[in-house]
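Note sheet for the following structure.
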Amino acid sequence: MADRLLAEIFGRGGAASQQHDSQVDDDEGAAAWDEAEAPGSGDDEGEPASAPALDMDASAAEVCRRIVSASLWFVSQLCNGQVPSIELVQREASNRALMEVCGVGENEAEQGDAEGRSGSGGAYVLRMQQHTQTRSLLGRHPESGEAVARLFVLLEAVHQNLLAGVSATQRELWYTLKTLEVKAQVVAVVFRCPRDVGEAIQDAVSMLRVPRSALGVTASSKGLVAGRLAVHDTRAGATTDCASLGVSGVPIPGDIAHITRHLAYQSDALLVLVVEKDAVFQRLAQQRFFDRVPCVLVTGKGVPDLATRAFLSCLSACFPGLPLLGLVDWNPSGANILCIYRFGSHRMGLESPHYALPTLGWLGARSSQLQQADAGAFQELTGRDRTMATNLSHTLQHACPGWAAELHQMLDSGSKAEMEALDTVAGGTDLADLLIHCLEQGDCI
């Protein structure tokens, strides 16, 4: 396996890059999801070819073998007077596209018709396409050589952690690498900021064809879960009842490998409600909304972290017929957050489709629910809002026309509102009552 990967990754020594080296924004909240290419908008005819898949079940021993093999090959090339080039999947926006998911069940496909999904099954996720970039110590751009150095310094740290059986967050890796500057000044030059570590992790994922969880890299989780769900930790032998541990919610663990391999679920819920804001999540949990409507409440507290998305992905896989619905602010940023949950994150590269929720529906807040809201609950769209909404609607027009139409409603009205505006709807309808009414009417897109 390792030899075949090396042939693919390093087998084109000296080949020119098909595109310039990428400059990926590491802050998911600062860059709009709308950079993805809409289905059918590429230059090539037909469905774009996707990048190679990751080995999601790779063991620590297998990852160590791949790291050692790659390092030995790289050093041997240098010893033979050659400058090896590393072929990696390009992470620029031009190499990302919404692609239809195969294997969506008939029930989900029928449900998807009501949620604005088109095509066979109508489920799309964000995938990297097959274009690559070449990194070399003597690359055309100065950052190319630095990226190669960062990659192998990171791989050394990852290899040591895997051998020791320990894991680390991306920030912990950054602090570890910063301490090396006392021993070797080159590290202080190569790793200038935490974003450099993130870039090196993405390069390692692309080179070794494994997720970051297989590299022993955990997430700094901020997500919470509450409601009709029992989570059994098969490794610790403990079970957590998410309905009985207070109204603040149960923290979602940050170890993605632990989430995917050692957690089992039991639930009598009828749906999963993904809530953008922690304050609204706390309010619904305090009201025990999940007793009135048997459901699981989950929040990522704004832009979702990877652990929260991985948790939801596992929950969806465990209960494939369980509807997933989103509750966000009625503004472009809220729609952007929904897109990250449903289609995946542009920042996560090859890992993105593995944690997408292609059957997620938009429950609220929406224009039809806000028609009788107090005028003071609305704000004017900013220039940034308009740009984001316009780009998002263009990207979604084929993959999810219902969501695109909702964004057009925002643009036409020139306004936006937070989900708390639903409390000002004429008649004093409580948010929980309004959600129940929408659920009873099947009112979601």
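Labels for the structure tokens follow display order: chains A, B, ..., residues from 1 in each chain, ligands from 1.
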
As number ranges by chain, please: all residues of range 283-421 of chain A that backbone DSSP puts in strand (DSSP E or B).
A: 295-299, 324-327, 330, 361-364, 378-380, 415-417

So which residues of range 130-215 of chain A fall under helix (DSSP H, G or I) by DSSP, listed as a ChimeraX atom specification?
/A:142-164,170-182,185-190,194-208,212-215

Export of the given selection (C-alpha atoms) as an mmCIF file, in the first residue's frame:
data_model
loop_
_atom_site.group_PDB
_atom_site.id
_atom_site.type_symbol
_atom_site.label_atom_id
_atom_site.label_comp_id
_atom_site.auth_asym_id
_atom_site.auth_seq_id
_atom_site.Cartn_x
_atom_site.Cartn_y
_atom_site.Cartn_z
ATOM 1 C CA PRO A 142 9.344 30.525 -2.214
ATOM 2 C CA GLU A 143 6.558 29.100 -0.080
ATOM 3 C CA SER A 144 6.792 25.771 -1.936
ATOM 4 C CA GLY A 145 10.100 24.854 -0.283
ATOM 5 C CA GLU A 146 8.851 26.053 3.083
ATOM 6 C CA ALA A 147 5.717 23.929 2.704
ATOM 7 C CA VAL A 148 7.837 20.828 2.085
ATOM 8 C CA ALA A 149 9.902 21.580 5.188
ATOM 9 C CA ARG A 150 6.772 22.163 7.273
ATOM 10 C CA LEU A 151 5.283 18.899 6.056
ATOM 11 C CA PHE A 152 8.187 16.708 7.102
ATOM 12 C CA VAL A 153 8.730 18.478 10.432
ATOM 13 C CA LEU A 154 5.047 17.902 11.157
ATOM 14 C CA LEU A 155 5.256 14.256 10.069
ATOM 15 C CA GLU A 156 8.088 13.714 12.534
ATOM 16 C CA ALA A 157 5.955 15.076 15.372
ATOM 17 C CA VAL A 158 2.954 13.009 14.248
ATOM 18 C CA HIS A 159 5.090 9.872 13.994
ATOM 19 C CA GLN A 160 6.378 10.339 17.539
ATOM 20 C CA ASN A 161 2.849 10.884 18.872
ATOM 21 C CA LEU A 162 1.492 7.793 17.116
ATOM 22 C CA LEU A 163 4.321 5.628 18.465
ATOM 23 C CA ALA A 164 3.646 6.964 21.957
ATOM 24 C CA GLN A 170 -3.745 21.462 16.042
ATOM 25 C CA ARG A 171 -2.946 24.239 18.513
ATOM 26 C CA GLU A 172 -1.041 21.843 20.761
ATOM 27 C CA LEU A 173 1.032 20.817 17.756
ATOM 28 C CA TRP A 174 1.729 24.477 17.089
ATOM 29 C CA TYR A 175 3.006 25.011 20.622
ATOM 30 C CA THR A 176 5.089 21.837 20.372
ATOM 31 C CA LEU A 177 6.690 22.972 17.137
ATOM 32 C CA LYS A 178 7.289 26.454 18.536
ATOM 33 C CA THR A 179 9.367 24.969 21.352
ATOM 34 C CA LEU A 180 11.702 23.423 18.783
ATOM 35 C CA GLU A 181 13.009 26.827 17.738
ATOM 36 C CA VAL A 182 15.435 26.715 20.653
ATOM 37 C CA GLN A 185 16.203 27.870 14.324
ATOM 38 C CA VAL A 186 14.847 26.646 11.002
ATOM 39 C CA VAL A 187 11.605 25.640 12.709
ATOM 40 C CA ALA A 188 11.071 29.185 13.927
ATOM 41 C CA VAL A 189 11.319 30.336 10.296
ATOM 42 C CA VAL A 190 9.158 27.615 8.751
ATOM 43 C CA PRO A 194 -0.807 28.289 13.724
ATOM 44 C CA ARG A 195 -2.132 28.502 10.179
ATOM 45 C CA ASP A 196 1.146 27.031 8.920
ATOM 46 C CA VAL A 197 0.482 23.965 11.053
ATOM 47 C CA GLY A 198 -3.008 23.678 9.569
ATOM 48 C CA GLU A 199 -1.583 23.851 6.053
ATOM 49 C CA ALA A 200 0.969 21.142 6.885
ATOM 50 C CA ILE A 201 -1.784 18.912 8.302
ATOM 51 C CA GLN A 202 -3.773 19.298 5.089
ATOM 52 C CA ASP A 203 -0.664 18.408 3.065
ATOM 53 C CA ALA A 204 -0.123 15.326 5.247
ATOM 54 C CA VAL A 205 -3.742 14.260 4.737
ATOM 55 C CA SER A 206 -3.324 14.631 0.982
ATOM 56 C CA MET A 207 0.020 12.843 0.836
ATOM 57 C CA LEU A 208 -0.764 9.914 3.132
ATOM 58 C CA ARG A 212 -6.390 13.952 10.450
ATOM 59 C CA SER A 213 -7.890 11.682 13.108
ATOM 60 C CA ALA A 214 -5.585 8.902 11.840
ATOM 61 C CA LEU A 215 -2.675 11.307 12.333
#

Might you pull out every residue within 9 Å of Lys277 in chain A, with only C-alpha atoms counted and same-chain residues fewer than 5 positions away left off, and present them as a PyMOL selection string?
chain A and resi 282+299-302+327-329

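For range 303-308 of chain A, the set of protein, DNA and RNA residues having any atom at most 7 Å away, when counting only C-alpha atoms and skipping those fewer than 6 positions along the same chain, is Gly29, Ala219, Ser221, Lys222, Gly223, Ile252, Pro253, Gly254, Ile256 and Ile337 of chain A.
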
How would the residues just chosen look if you wrote them out with N, CA and C atoms as a PDB file, in the first residue's frame?
ATOM      1  N   GLY A  29     -14.642  30.720   9.420  1.00  0.00           N
ATOM      2  CA  GLY A  29     -15.649  31.750   9.589  1.00  0.00           C
ATOM      3  C   GLY A  29     -15.352  33.001   8.797  1.00  0.00           C
ATOM      4  N   ALA A 219      -9.746  17.562  17.548  1.00  0.00           N
ATOM      5  CA  ALA A 219     -10.352  18.879  17.370  1.00  0.00           C
ATOM      6  C   ALA A 219     -10.607  19.529  18.723  1.00  0.00           C
ATOM      7  N   SER A 221     -13.255  20.844  20.422  1.00  0.00           N
ATOM      8  CA  SER A 221     -14.704  20.820  20.263  1.00  0.00           C
ATOM      9  C   SER A 221     -15.382  21.872  21.127  1.00  0.00           C
ATOM     10  N   LYS A 222     -16.416  22.479  20.572  1.00  0.00           N
ATOM     11  CA  LYS A 222     -17.257  23.409  21.321  1.00  0.00           C
ATOM     12  C   LYS A 222     -18.720  22.993  21.268  1.00  0.00           C
ATOM     13  N   GLY A 223     -19.007  21.873  20.585  1.00  0.00           N
ATOM     14  CA  GLY A 223     -20.377  21.439  20.384  1.00  0.00           C
ATOM     15  C   GLY A 223     -21.023  20.836  21.613  1.00  0.00           C
ATOM     16  N   ILE A 252     -19.639  17.555  23.289  1.00  0.00           N
ATOM     17  CA  ILE A 252     -19.228  16.590  22.271  1.00  0.00           C
ATOM     18  C   ILE A 252     -17.715  16.444  22.339  1.00  0.00           C
ATOM     19  N   PRO A 253     -17.195  15.223  22.432  1.00  0.00           N
ATOM     20  CA  PRO A 253     -15.741  15.053  22.547  1.00  0.00           C
ATOM     21  C   PRO A 253     -15.012  15.548  21.303  1.00  0.00           C
ATOM     22  N   GLY A 254     -13.760  15.954  21.489  1.00  0.00           N
ATOM     23  CA  GLY A 254     -12.978  16.477  20.376  1.00  0.00           C
ATOM     24  C   GLY A 254     -12.192  15.429  19.620  1.00  0.00           C
ATOM     25  N   ILE A 256     -11.962  12.832  17.195  1.00  0.00           N
ATOM     26  CA  ILE A 256     -12.812  12.345  16.110  1.00  0.00           C
ATOM     27  C   ILE A 256     -12.673  10.838  15.942  1.00  0.00           C
ATOM     28  N   ILE A 337     -23.598  28.740   7.313  1.00  0.00           N
ATOM     29  CA  ILE A 337     -23.411  27.709   8.331  1.00  0.00           C
ATOM     30  C   ILE A 337     -24.185  26.442   7.953  1.00  0.00           C
TER      31      ILE A 337
END

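Take the candidates A:Gln287, A:Thr359, A:Gln130, A:Thr390 and check each one against Val272 in chain A using only C-alpha atoms; the shortest distance goes to A:Thr359.
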
Between A:Gly246, A:Arg261, A:Leu422, A:Gln133, which is the closest to Asp233 in chain A once you count only C-alpha atoms?
A:Arg261

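Between Ala168 in chain A and the residues A:Met99, A:Val217, A:Leu138, A:Leu370, the shortest atom-to-atom distance, using only C-alpha atoms, involves A:Val217.
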
CA of Asn331 in chain A and CA of Leu363 in chain A, how far apart in Å?
13.9 Å
